[in-house]
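Structure file structure24.csv; described as CSV, C-alpha atoms.
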chain,number,residue,atom,x,y,z
A,1,MET,CA,-65.5,-40.9,23.9
A,2,ARG,CA,-66.6,-43.5,26.5
A,3,PHE,CA,-65.5,-47.1,26.7
A,4,ASP,CA,-67.6,-49.8,28.3
A,5,ASP,CA,-65.5,-52.9,28.0
A,6,ALA,CA,-61.8,-52.0,27.4
A,7,PHE,CA,-59.2,-53.3,29.9
A,8,ILE,CA,-55.5,-53.6,30.1
A,9,PRO,CA,-53.8,-56.2,32.3
A,10,VAL,CA,-51.3,-54.2,34.3
A,11,PRO,CA,-48.5,-56.8,33.7
A,12,LEU,CA,-49.1,-56.2,30.0
A,13,LEU,CA,-48.6,-52.4,30.1
A,14,TRP,CA,-44.9,-51.6,29.6
A,15,SER,CA,-42.3,-49.2,28.5
A,16,SER,CA,-38.6,-49.2,27.5
A,17,PRO,CA,-36.3,-46.8,29.2
A,18,PHE,CA,-36.0,-43.5,27.4
A,19,ILE,CA,-32.6,-42.8,25.9
A,20,ARG,CA,-31.6,-39.1,25.2
A,21,TRP,CA,-31.3,-38.5,21.5
A,22,GLN,CA,-28.0,-39.1,19.8
A,23,GLY,CA,-27.3,-41.5,22.7
A,24,ALA,CA,-26.9,-45.3,22.9
A,25,ALA,CA,-30.0,-46.0,20.8
A,26,ALA,CA,-29.4,-43.4,18.1
A,27,ASP,CA,-28.7,-46.0,15.4
A,28,VAL,CA,-31.5,-48.4,16.2
A,29,SER,CA,-34.5,-48.3,14.0
A,30,ALA,CA,-37.7,-47.6,15.9
A,31,LEU,CA,-39.3,-50.6,14.2
A,32,ASP,CA,-36.5,-52.9,15.4
A,33,LEU,CA,-36.8,-51.3,18.9
A,34,ALA,CA,-40.6,-51.8,18.9
A,35,THR,CA,-40.2,-55.4,17.9
A,36,GLN,CA,-37.6,-56.3,20.5
A,37,VAL,CA,-39.1,-54.6,23.4
A,38,THR,CA,-42.6,-55.9,22.6
A,39,ARG,CA,-41.4,-59.4,22.2
A,40,ASP,CA,-39.7,-59.4,25.6
A,41,ALA,CA,-42.7,-57.7,27.3
A,42,LEU,CA,-45.1,-60.3,26.0
A,43,ALA,CA,-42.8,-63.2,26.9
A,44,ALA,CA,-42.3,-61.8,30.4
A,45,ALA,CA,-46.0,-62.0,31.0
A,46,SER,CA,-46.4,-65.4,29.3
A,47,TYR,CA,-48.8,-63.9,26.7
A,48,ASP,CA,-49.7,-66.1,23.8
A,49,PRO,CA,-49.3,-64.1,20.5
A,50,ALA,CA,-52.0,-66.3,18.9
A,51,GLU,CA,-54.7,-64.5,21.0
A,52,THR,CA,-54.0,-61.2,19.2
A,53,ALA,CA,-56.7,-60.0,16.8
A,54,GLN,CA,-55.0,-56.8,15.6
A,55,ILE,CA,-51.9,-54.7,16.1
A,56,VAL,CA,-52.2,-50.9,16.5
A,57,PHE,CA,-48.9,-49.2,15.8
A,58,GLY,CA,-48.1,-45.6,16.8
A,59,THR,CA,-45.1,-43.7,15.5
A,60,THR,CA,-44.4,-40.2,14.3
A,61,ILE,CA,-41.0,-40.3,12.6
A,62,PRO,CA,-40.5,-42.4,9.5
A,63,GLN,CA,-38.0,-45.2,9.6
A,64,PRO,CA,-36.9,-47.6,6.8
A,65,ASN,CA,-39.9,-49.9,6.0
A,66,THR,CA,-42.4,-47.7,7.9
A,67,PHE,CA,-44.8,-48.2,4.9
A,68,TYR,CA,-45.1,-51.9,6.1
A,69,ALA,CA,-44.7,-51.3,9.8
A,70,PRO,CA,-47.8,-52.9,11.5
A,71,PRO,CA,-47.8,-56.2,9.5
A,72,TRP,CA,-44.1,-56.4,9.5
A,73,ILE,CA,-43.8,-56.0,13.3
A,74,ALA,CA,-46.6,-58.4,13.8
A,75,ALA,CA,-44.9,-61.0,11.6
A,76,ARG,CA,-41.6,-60.6,13.4
A,77,LEU,CA,-43.5,-61.3,16.7
A,78,GLY,CA,-44.9,-64.5,15.3
A,79,MET,CA,-48.4,-63.0,14.5
A,80,THR,CA,-48.3,-63.8,10.8
A,81,GLY,CA,-52.1,-63.7,10.4
A,82,ILE,CA,-52.8,-60.1,11.5
A,83,GLY,CA,-52.0,-56.5,10.7
A,84,GLY,CA,-53.5,-53.2,11.6
A,85,PRO,CA,-53.4,-49.5,11.4
A,86,ALA,CA,-50.4,-47.1,11.8
A,87,ILE,CA,-51.4,-44.0,13.8
A,88,ALA,CA,-49.6,-40.7,14.1
A,89,GLN,CA,-50.9,-37.7,16.1
A,90,ALA,CA,-47.7,-36.2,17.3
A,91,CYS,CA,-47.4,-36.3,21.1
A,92,ALA,CA,-51.1,-37.5,21.3
A,93,THR,CA,-50.3,-40.7,19.4
A,94,ALA,CA,-50.4,-43.0,22.5
A,95,VAL,CA,-53.9,-41.9,23.4
A,96,ALA,CA,-55.1,-42.1,19.8
A,97,CYS,CA,-53.8,-45.7,19.7
A,98,LEU,CA,-55.5,-46.7,22.9
A,99,ALA,CA,-58.7,-45.1,21.8
A,100,ASN,CA,-58.5,-47.0,18.5
A,101,ALA,CA,-57.8,-50.3,20.3
A,102,ALA,CA,-60.5,-49.8,22.9
A,103,ALA,CA,-63.1,-49.1,20.1
A,104,ALA,CA,-61.9,-52.2,18.2
A,105,THR,CA,-62.1,-54.4,21.3
A,106,GLN,CA,-65.7,-53.3,21.9
A,107,LEU,CA,-66.8,-53.6,18.2
A,108,GLY,CA,-65.0,-57.0,17.9
A,109,GLY,CA,-66.8,-58.4,20.9
A,110,GLY,CA,-63.8,-58.5,23.2
A,111,ASP,CA,-61.1,-59.1,20.6
A,112,THR,CA,-57.6,-58.5,22.0
A,113,GLN,CA,-55.6,-55.6,20.5
A,114,LEU,CA,-51.8,-55.2,20.8
A,115,VAL,CA,-50.8,-51.5,21.0
A,116,VAL,CA,-47.2,-50.8,20.1
A,117,THR,CA,-45.6,-47.3,20.1
A,118,ALA,CA,-42.1,-46.4,19.2
A,119,ASP,CA,-40.1,-43.5,17.9
A,120,ARG,CA,-36.5,-42.5,17.3
A,121,THR,CA,-35.9,-38.8,17.4
A,122,SER,CA,-32.2,-39.4,16.8
A,123,ASN,CA,-31.0,-39.3,13.2
A,124,GLY,CA,-34.3,-38.2,11.9
A,125,PRO,CA,-34.8,-38.5,8.1
A,126,LEU,CA,-34.0,-35.8,5.6
A,127,LEU,CA,-36.8,-35.8,3.1
A,128,VAL,CA,-36.3,-34.7,-0.5
A,129,TYR,CA,-39.3,-33.6,-2.5
A,130,PRO,CA,-38.7,-33.2,-6.3
A,131,ARG,CA,-39.8,-29.9,-7.8
A,132,SER,CA,-39.5,-30.0,-11.6
A,133,ALA,CA,-40.6,-26.3,-11.9
A,134,SER,CA,-37.8,-25.0,-9.8
A,135,MET,CA,-34.5,-23.7,-11.3
A,136,GLY,CA,-32.6,-26.7,-12.5
A,137,GLY,CA,-35.1,-29.0,-10.9
A,138,ALA,CA,-33.7,-28.3,-7.5
A,139,PRO,CA,-35.6,-30.2,-4.8
A,140,GLN,CA,-37.2,-29.0,-1.6
A,141,THR,CA,-35.8,-30.6,1.5
A,142,THR,CA,-37.3,-31.1,5.0
A,143,HIS,CA,-35.6,-32.4,8.1
A,144,TRP,CA,-38.5,-34.3,9.7
A,145,VAL,CA,-37.5,-33.8,13.3
A,146,LEU,CA,-35.7,-30.5,13.4
A,147,ASP,CA,-38.1,-28.6,11.1
A,148,SER,CA,-41.1,-29.9,12.9
A,149,PHE,CA,-39.6,-28.8,16.2
A,150,ALA,CA,-38.7,-25.4,14.8
A,151,ALA,CA,-42.2,-24.1,13.9
A,152,ASP,CA,-45.9,-24.8,13.5
A,153,PRO,CA,-46.6,-24.0,9.9
A,154,TRP,CA,-49.9,-22.5,10.8
A,155,THR,CA,-48.6,-20.1,13.4
A,156,ALA,CA,-45.0,-19.9,12.1
A,157,GLU,CA,-44.0,-20.1,15.7
A,158,SER,CA,-42.1,-22.7,17.8
A,159,MET,CA,-43.5,-24.8,20.6
A,160,LEU,CA,-41.3,-22.7,22.9
A,161,TYR,CA,-43.4,-19.7,21.8
A,162,THR,CA,-46.6,-21.4,23.0
A,163,ALA,CA,-45.0,-22.0,26.4
A,164,GLU,CA,-44.0,-18.4,26.8
A,165,CYS,CA,-47.5,-17.2,25.7
A,166,THR,CA,-49.1,-19.5,28.2
A,167,ALA,CA,-46.8,-18.4,31.0
A,168,THR,CA,-47.7,-14.8,30.2
A,169,ASP,CA,-51.5,-15.6,30.1
A,170,GLY,CA,-51.3,-17.4,33.4
A,171,GLY,CA,-49.0,-14.9,35.1
A,172,PHE,CA,-46.5,-17.7,35.8
A,173,THR,CA,-42.9,-16.7,36.6
A,174,ARG,CA,-39.5,-18.2,35.8
A,175,GLU,CA,-39.2,-19.0,39.6
A,176,GLN,CA,-42.4,-21.0,39.6
A,177,CYS,CA,-41.2,-23.0,36.5
A,178,ASP,CA,-37.9,-23.7,38.3
A,179,GLU,CA,-39.6,-24.8,41.5
A,180,LEU,CA,-41.9,-27.1,39.6
A,181,THR,CA,-39.1,-28.7,37.7
A,182,LEU,CA,-37.3,-29.4,41.0
A,183,LEU,CA,-40.4,-31.0,42.4
A,184,ARG,CA,-40.7,-33.2,39.3
A,185,TYR,CA,-37.0,-34.2,39.5
A,186,SER,CA,-37.4,-35.1,43.2
A,187,GLN,CA,-40.4,-37.3,42.3
A,188,TYR,CA,-38.4,-39.0,39.6
A,189,GLN,CA,-35.6,-39.7,42.0
A,190,ASP,CA,-38.0,-41.2,44.5
A,191,ALA,CA,-39.1,-43.6,41.8
A,192,LEU,CA,-35.5,-44.9,41.4
A,193,LYS,CA,-35.2,-46.0,45.1
A,194,ASP,CA,-34.5,-49.6,46.1
A,195,GLY,CA,-32.5,-50.3,42.9
A,196,ARG,CA,-35.4,-49.1,40.7
A,197,ALA,CA,-37.6,-51.8,42.0
A,198,LEU,CA,-40.8,-49.9,41.0
A,199,GLN,CA,-39.6,-49.1,37.5
A,200,LYS,CA,-38.7,-52.7,36.9
A,201,ARG,CA,-42.3,-53.6,37.3
A,202,TYR,CA,-43.1,-52.0,33.9
A,203,PHE,CA,-39.7,-51.4,32.2
A,204,ARG,CA,-38.5,-53.7,29.5
A,205,PRO,CA,-34.8,-53.3,28.6
A,206,ILE,CA,-33.6,-52.2,25.2
A,207,VAL,CA,-31.2,-54.8,23.8
A,208,ILE,CA,-28.8,-53.7,21.0
A,209,GLU,CA,-27.0,-56.6,19.3
A,210,SER,CA,-24.4,-56.5,16.6
A,211,ARG,CA,-22.0,-58.9,15.2
A,212,LYS,CA,-19.4,-58.1,17.8
A,213,SER,CA,-21.3,-56.9,20.9
A,214,ARG,CA,-24.5,-57.0,22.9
A,215,THR,CA,-25.7,-53.9,24.9
A,216,VAL,CA,-28.5,-54.0,27.4
A,217,LEU,CA,-30.1,-50.6,28.3
A,218,GLU,CA,-32.1,-51.1,31.5
A,219,ALA,CA,-32.5,-47.5,32.8
A,220,ASP,CA,-33.2,-44.1,31.4
A,221,GLU,CA,-30.1,-42.4,30.0
A,222,GLY,CA,-29.2,-38.7,29.6
A,223,ILE,CA,-31.1,-37.3,32.6
A,224,SER,CA,-29.9,-33.9,33.7
A,225,ASP,CA,-28.9,-33.4,37.3
A,226,TYR,CA,-31.2,-30.6,38.5
A,227,SER,CA,-30.5,-28.2,41.4
A,228,ALA,CA,-31.9,-24.9,42.4
A,229,ALA,CA,-28.5,-23.2,41.8
A,230,GLY,CA,-28.1,-24.9,38.5
A,231,LEU,CA,-31.5,-23.9,37.2
A,232,ALA,CA,-31.0,-20.3,38.5
A,233,ARG,CA,-27.8,-20.0,36.4
A,234,LEU,CA,-29.6,-20.8,33.1
A,235,SER,CA,-30.5,-18.0,30.8
A,236,PRO,CA,-34.2,-17.8,29.7
A,237,ALA,CA,-34.8,-19.0,26.1
A,238,LYS,CA,-36.4,-15.7,25.4
A,239,PRO,CA,-35.1,-12.5,27.0
A,240,GLY,CA,-37.1,-11.8,30.1
A,241,GLY,CA,-39.0,-15.0,29.6
A,242,ALA,CA,-40.1,-17.7,32.0
A,243,ILE,CA,-38.8,-20.8,30.1
A,244,THR,CA,-35.2,-21.9,30.3
A,245,PRO,CA,-33.4,-25.0,28.9
A,246,GLY,CA,-33.9,-26.5,32.4
A,247,THR,CA,-37.7,-26.2,32.4
A,248,GLN,CA,-38.3,-28.0,29.1
A,249,THR,CA,-37.9,-31.6,28.1
A,250,HIS,CA,-35.4,-33.2,25.7
A,251,PRO,CA,-36.0,-35.5,22.7
A,252,ALA,CA,-35.4,-39.2,23.2
A,253,ASP,CA,-35.7,-42.7,21.8
A,254,GLY,CA,-37.9,-45.4,23.2
A,255,ALA,CA,-40.9,-47.8,22.9
A,256,ALA,CA,-44.0,-48.7,24.9
A,257,GLY,CA,-47.0,-50.9,24.6
A,258,ALA,CA,-50.1,-52.5,26.0
A,259,ILE,CA,-52.6,-55.3,25.5
A,260,VAL,CA,-56.2,-54.0,25.3
A,261,THR,CA,-59.0,-56.5,25.7
A,262,SER,CA,-62.2,-57.4,27.4
A,263,ARG,CA,-62.6,-57.5,31.2
A,264,GLU,CA,-62.8,-61.3,31.2
A,265,LYS,CA,-59.6,-61.8,29.1
A,266,ALA,CA,-57.8,-59.0,31.0
A,267,ARG,CA,-58.4,-60.8,34.3
A,268,ARG,CA,-57.1,-64.0,32.8
A,269,TYR,CA,-54.0,-62.4,31.3
A,270,ALA,CA,-53.3,-60.5,34.6
A,271,ASP,CA,-53.2,-63.8,36.4
A,272,GLY,CA,-54.2,-62.4,39.8
A,273,GLN,CA,-52.6,-59.0,39.3
A,274,PRO,CA,-54.6,-55.8,38.9
A,275,VAL,CA,-56.3,-54.7,35.6
A,276,LEU,CA,-56.7,-51.2,34.3
A,277,ARG,CA,-60.1,-50.2,33.0
A,278,LEU,CA,-60.1,-47.6,30.2
A,279,LEU,CA,-63.1,-45.4,31.0
A,280,SER,CA,-62.8,-42.6,28.3
A,281,ALA,CA,-60.6,-40.5,26.1
A,282,GLY,CA,-60.8,-36.9,25.1
A,283,PHE,CA,-59.1,-34.7,22.5
A,284,ALA,CA,-59.2,-30.9,22.4
A,285,ARG,CA,-57.5,-27.9,20.7
A,286,ALA,CA,-56.5,-24.7,22.5
A,287,GLU,CA,-56.5,-21.3,20.9
A,288,LYS,CA,-53.8,-20.5,18.4
A,289,GLY,CA,-50.3,-20.6,19.8
A,290,ARG,CA,-51.3,-21.9,23.2
A,291,MET,CA,-50.4,-25.6,23.2
A,292,PRO,CA,-49.8,-26.0,27.0
A,293,LYS,CA,-53.4,-25.0,27.6
A,294,ALA,CA,-54.7,-28.0,25.6
A,295,PRO,CA,-54.2,-30.8,28.2
A,296,ALA,CA,-56.7,-29.1,30.6
A,297,LEU,CA,-59.3,-28.9,27.9
A,298,ALA,CA,-58.8,-32.5,26.9
A,299,ALA,CA,-58.9,-33.5,30.6
A,300,HIS,CA,-62.3,-31.9,31.1
A,301,LYS,CA,-63.6,-33.7,27.9
A,302,ALA,CA,-62.4,-37.1,29.1
A,303,LEU,CA,-63.7,-36.6,32.6
A,304,ALA,CA,-67.1,-35.6,31.3
A,305,ALA,CA,-67.3,-38.6,29.0
A,306,ALA,CA,-66.4,-40.9,31.9
A,307,GLY,CA,-68.9,-39.3,34.2
A,308,LYS,CA,-66.2,-38.3,36.6
A,309,GLN,CA,-65.1,-35.1,38.4
A,310,VAL,CA,-61.6,-33.9,39.3
A,311,GLY,CA,-62.4,-34.8,42.9
A,312,ASP,CA,-62.7,-38.4,41.9
A,313,LEU,CA,-59.1,-38.6,40.8
A,314,LYS,CA,-56.4,-40.1,43.0
A,315,VAL,CA,-53.5,-39.5,40.6
A,316,VAL,CA,-52.8,-37.5,37.5
A,317,THR,CA,-49.9,-38.0,35.1
A,318,THR,CA,-49.0,-35.6,32.3
A,319,HIS,CA,-46.9,-35.2,29.2
A,320,ASN,CA,-45.3,-31.9,30.1
A,321,PRO,CA,-42.7,-30.7,27.7
A,322,PHE,CA,-42.7,-27.5,29.6
A,323,ALA,CA,-43.1,-26.9,33.3
A,324,VAL,CA,-45.8,-24.3,32.5
A,325,ASN,CA,-48.0,-27.2,31.3
A,326,ASP,CA,-48.5,-28.5,34.8
A,327,LEU,CA,-48.9,-25.0,36.2
A,328,TRP,CA,-51.7,-24.3,33.8
A,329,LEU,CA,-53.4,-27.7,34.4
A,330,ALA,CA,-53.4,-27.2,38.2
A,331,ARG,CA,-54.9,-23.7,37.8
A,332,GLU,CA,-57.6,-24.9,35.5
A,333,THR,CA,-58.6,-28.1,37.3
A,334,GLY,CA,-57.6,-27.4,40.9
A,335,PHE,CA,-55.7,-30.7,41.1
A,336,PRO,CA,-52.6,-30.4,43.4
A,337,LEU,CA,-49.3,-30.2,41.6
A,338,GLU,CA,-47.7,-32.5,44.2
A,339,ARG,CA,-50.1,-35.3,43.4
A,340,MET,CA,-49.3,-35.2,39.7
A,341,ASN,CA,-46.5,-37.4,38.2
A,342,PRO,CA,-45.5,-39.2,41.4
A,343,LEU,CA,-43.2,-41.6,39.5
A,344,GLY,CA,-41.6,-39.1,37.0
A,345,CYS,CA,-42.6,-37.3,33.8
A,346,SER,CA,-41.4,-36.4,30.4
A,347,LEU,CA,-40.2,-33.0,31.6
A,348,ILE,CA,-37.4,-35.0,33.3
A,349,TYR,CA,-36.9,-38.3,31.5
A,350,GLY,CA,-37.4,-37.0,27.9
A,351,HIS,CA,-39.8,-37.3,25.1
A,352,PRO,CA,-39.6,-39.8,22.2
A,353,GLN,CA,-43.1,-38.7,20.9
A,354,ALA,CA,-45.3,-41.7,20.3
A,355,PRO,CA,-44.3,-43.8,23.4
A,356,THR,CA,-44.3,-40.9,25.8
A,357,GLY,CA,-48.0,-41.0,26.7
A,358,LEU,CA,-48.1,-44.7,27.0
A,359,ARG,CA,-45.2,-44.7,29.5
A,360,ALA,CA,-47.0,-42.0,31.5
A,361,ILE,CA,-50.1,-44.2,31.5
A,362,ALA,CA,-48.0,-47.2,32.7
A,363,GLU,CA,-46.8,-45.0,35.6
A,364,LEU,CA,-50.3,-43.9,36.3
A,365,ALA,CA,-51.3,-47.5,36.6
A,366,GLN,CA,-48.5,-48.3,39.0
A,367,ALA,CA,-49.2,-45.3,41.1
A,368,LEU,CA,-52.8,-46.3,41.4
A,369,VAL,CA,-51.9,-49.8,42.3
A,370,LEU,CA,-49.7,-48.5,45.1
A,371,GLN,CA,-52.7,-46.6,46.4
A,372,GLY,CA,-55.0,-49.6,46.4
A,373,GLY,CA,-56.7,-48.8,43.1
A,374,GLY,CA,-59.0,-46.0,42.1
A,375,VAL,CA,-59.5,-43.5,39.2
A,376,GLY,CA,-56.7,-41.6,37.5
A,377,LEU,CA,-56.1,-39.3,34.6
A,378,PHE,CA,-53.4,-38.9,32.0
A,379,THR,CA,-53.3,-35.8,29.9
A,380,GLY,CA,-50.7,-34.1,27.6
A,381,CYS,CA,-50.2,-31.6,24.8
A,382,ALA,CA,-49.4,-32.3,21.2
A,383,ALA,CA,-48.2,-30.3,18.2
A,384,GLY,CA,-50.8,-28.0,16.7
A,385,ASP,CA,-52.1,-26.7,20.0
A,386,MET,CA,-53.7,-30.1,20.6
A,387,GLY,CA,-54.3,-32.1,23.8
A,388,ALA,CA,-55.3,-35.7,24.6
A,389,ALA,CA,-56.4,-37.3,27.8
A,390,VAL,CA,-57.6,-40.7,29.1
A,391,VAL,CA,-59.4,-41.6,32.3
A,392,VAL,CA,-58.7,-45.0,33.8
A,393,GLU,CA,-59.5,-47.0,36.8
A,394,VAL,CA,-57.4,-49.7,38.5
A,395,LEU,CA,-59.4,-52.6,39.7
Represent the supplied structure as structure tokens.
Amino acid sequence: MRFDDAFIPVPLLWSSPFIRWQGAAADVSALDLATQVTRDALAAASYDPAETAQIVFGTTIPQPNTFYAPPWIAARLGMTGIGGPAIAQACATAVACLANAAAATQLGGGDTQLVVTADRTSNGPLLVYPRSASMGGAPQTTHWVLDSFAADPWTAESMLYTAECTATDGGFTREQCDELTLLRYSQYQDALKDGRALQKRYFRPIVIESRKSRTVLEADEGISDYSAAGLARLSPAKPGGAITPGTQTHPADGAAGAIVTSREKARRYADGQPVLRLLSAGFARAEKGRMPKAPALAAHKALAAAGKQVGDLKVVTTHNPFAVNDLWLARETGFPLERMNPLGCSLIYGHPQAPTGLRAIAELAQALVLQGGGVGLFTGCAAGDMGAAVVVEVL
């Protein structure tokens, strides 16, 4: 799908830090997290909430009051006259939200959309489904997070299985996965230089307040310390396999958001800073049990919709829960691995589901700004062998 008038003011494209699951944010509702981080992000950019026509909320893990999430979050932000949809597409949620907001902006003649994404993988809900026909009326139970991670109900296989299958299909070795992980860790460390000055451009802290204390989380928490020796010591997740615990991501908690609007309004909101043009989005599905292949398919769709080629891209960012994702993407597109994810990626800093893609798009915007503007691509995989991609241009 192609967009003709959908823009994001770069100062209004933000993310919280990502906190490893069961960490400092484990007991904070994702809806409370979304509200607090969004409120602070809008205030930091001096954005007037009254200019918002609709809220688009992305989340994948139910929280208390999720049923009312978009209008409730909007009301808590002072936007009492609006509501909007709640969107869930596993790890593709951020792209789905941006596509919805971009379409709404165009159909609404430049209406301003607030995109909010948040998830808490920590303390996921245990759902109880009544079954009157079972012995004694015993219910069926599902742990929303753990059972979803364990297996795709269609393939009856885990996401780890899809990574190993893709590694086999591509002829990728355990050593290649280790080497790529070290590269991604080095890139993330580069982004932390100068007191995290670059991250602070788009990060908004998580503030946890209780009756007795106030905790401010300004940086990612729970990042592993990677080294060649440390990765080499890890046993593969599958005997003889290419994937180890060191070459896959970890669940996390976090929030991210953006304002999507017309070119004219984006320029005004940006107040002299750059704007990000949304050119297109693409969604694709790989063959059964090959999830890490899907980002390349989605990328080609998005590029075709935008009328762009891989050679037009200055920067690519990815949601890469496995190192093999980027290896496959580089093979299928020819885009150099070292030019992907220059400011970090979910392989290293974790994956809270809905916000993951939007943080990567914020980092794509910042990387393009550093290079003086240009065209970039975000692409990532999602449960069900899906992929989602967006092509952008910094002006």
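Across the model, the gap from CA of Phe18 (chain A) to CA of Val145 (chain A) is 17.2 Å.
Separating CA of Asp194 (chain A) from CA of Leu343 (chain A) is a distance of 13.5 Å.
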Give me the residues within 7 Å of Ser280 (chain A) as a PDB file with C-alpha atoms, in the frame of the given file, counting only C-alpha atoms and dropping any in the same chain fewer than 2 places off.
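See around37.pdb below for the written result:
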ATOM      1  CA  MET A   1     -65.500 -40.900  23.900  1.00  0.00           C
ATOM      2  CA  ARG A   2     -66.600 -43.500  26.500  1.00  0.00           C
ATOM      3  CA  PHE A   3     -65.500 -47.100  26.700  1.00  0.00           C
ATOM      4  CA  LEU A 278     -60.100 -47.600  30.200  1.00  0.00           C
ATOM      5  CA  GLY A 282     -60.800 -36.900  25.100  1.00  0.00           C
ATOM      6  CA  ALA A 302     -62.400 -37.100  29.100  1.00  0.00           C
ATOM      7  CA  ALA A 305     -67.300 -38.600  29.000  1.00  0.00           C
ATOM      8  CA  ALA A 306     -66.400 -40.900  31.900  1.00  0.00           C
ATOM      9  CA  VAL A 390     -57.600 -40.700  29.100  1.00  0.00           C
ATOM     10  CA  VAL A 391     -59.400 -41.600  32.300  1.00  0.00           C
TER      11      VAL A 391
END
Per residue of region 116-185 of chain A within 9 Å of region 235-245 of chain A, record the nearest atom pair and its distance in Å to one decimal, counting only C-alpha atoms, with rows in chain order and ascending residue number, as CSV.
residue,atom,partner,partner_atom,distance
A:Leu160,CA,A:Ile243,CA,7.9
A:Tyr161,CA,A:Lys238,CA,8.8
A:Ala163,CA,A:Ile243,CA,7.3
A:Glu164,CA,A:Ala242,CA,6.5
A:Ala167,CA,A:Ala242,CA,6.8
A:Thr168,CA,A:Ala242,CA,8.3
A:Phe172,CA,A:Ala242,CA,7.4
A:Thr173,CA,A:Ala242,CA,5.5
A:Arg174,CA,A:Ala242,CA,3.9
A:Glu175,CA,A:Ala242,CA,7.8
A:Gln176,CA,A:Ala242,CA,8.6
A:Cys177,CA,A:Ala242,CA,7.0
A:Asp178,CA,A:Thr244,CA,8.6
Quiz prompt | Residue contacts of Asp119 (chain A) (12 Å, all atoms listed in the file) excluding same-chain residues fewer than 2 positions away, as a ChimeraX atom specification | solution = /A:16,18-19,21,25-35,57-63,66,88,90-91,93-94,116-117,121-124,145,251-256,351-356
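Using all atoms listed in the file for every distance, the candidate list A:Thr333, A:Thr142, A:Thr317, A:Gln366 yields A:Thr333 as the residue closest to Leu303 (chain A).
Each of A:Ser186, A:Thr261, A:Gln273, A:Gln54 was compared to Gly344 (chain A) using all atoms listed in the file, and A:Ser186 turns out to be the nearest.
Between CA of Phe335 (chain A) and CA of Ala362 (chain A) there is a distance of 20.1 Å.
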Practice problem: Choose the residue, out of A:Ile8, A:Ile73, A:Leu358, A:Met340, that has the smallest atom-to-atom separation from Leu180 (chain A); count all atoms listed in the file. | Solution: A:Met340
Self-check item: Cut-off 8 Å around (-51.7, -41.5, 25.7) with all atoms listed in the file: residues as a PyMOL selection string
Solution: chain A and resi 92-98+356-358+360-361+378-380+388-390
Self-check item: Proximity to Ala53 (chain A) - best of A:Leu114, A:Ile208, A:Ile223, A:Ala103, all atoms listed in the file
Solution: A:Leu114
Practice problem: Write out as JSON, numbers by chain which residues come within 9 Å of Met159 (chain A) when counting only C-alpha atoms, dropping same-chain ones fewer than 2 positions away. | Solution: {"A": [149, 150, 151, 152, 157, 161, 162, 163, 164, 289, 290, 291, 383, 384, 385]}
If I only have part of region 230-241 of chain A, can you fill in N, CA and C atoms and write it as a compact mmCIF listing (two decimals), keeping the file's coordinate frame?
# COMPACT_ATOMS: atom_id res chain seq x y z
N GLY A 230 -28.33 -24.64 39.88
CA GLY A 230 -28.10 -24.90 38.50
C GLY A 230 -29.17 -24.29 37.60
N LEU A 231 -30.43 -24.44 37.99
CA LEU A 231 -31.50 -23.90 37.20
C LEU A 231 -31.45 -22.33 37.23
N ALA A 232 -31.06 -21.75 38.36
CA ALA A 232 -31.00 -20.30 38.50
C ALA A 232 -29.93 -19.70 37.55
N ARG A 233 -28.89 -20.49 37.25
CA ARG A 233 -27.80 -20.00 36.40
C ARG A 233 -28.18 -19.95 34.92
N LEU A 234 -29.22 -20.66 34.53
CA LEU A 234 -29.60 -20.80 33.10
C LEU A 234 -30.23 -19.48 32.61
N SER A 235 -29.89 -19.12 31.41
CA SER A 235 -30.50 -18.00 30.80
C SER A 235 -31.87 -18.35 30.21
N PRO A 236 -32.86 -17.48 30.28
CA PRO A 236 -34.20 -17.80 29.70
C PRO A 236 -34.01 -17.94 28.15
N ALA A 237 -34.85 -18.81 27.58
CA ALA A 237 -34.80 -19.00 26.10
C ALA A 237 -35.16 -17.77 25.36
N LYS A 238 -35.99 -16.95 25.98
CA LYS A 238 -36.40 -15.70 25.40
C LYS A 238 -36.06 -14.58 26.41
N PRO A 239 -35.43 -13.49 26.02
CA PRO A 239 -35.10 -12.50 27.00
C PRO A 239 -36.26 -12.05 27.86
N GLY A 240 -36.06 -12.15 29.17
CA GLY A 240 -37.10 -11.80 30.10
C GLY A 240 -38.20 -12.85 30.24
N GLY A 241 -38.02 -14.00 29.57
CA GLY A 241 -39.00 -15.00 29.60
C GLY A 241 -39.02 -15.91 30.81
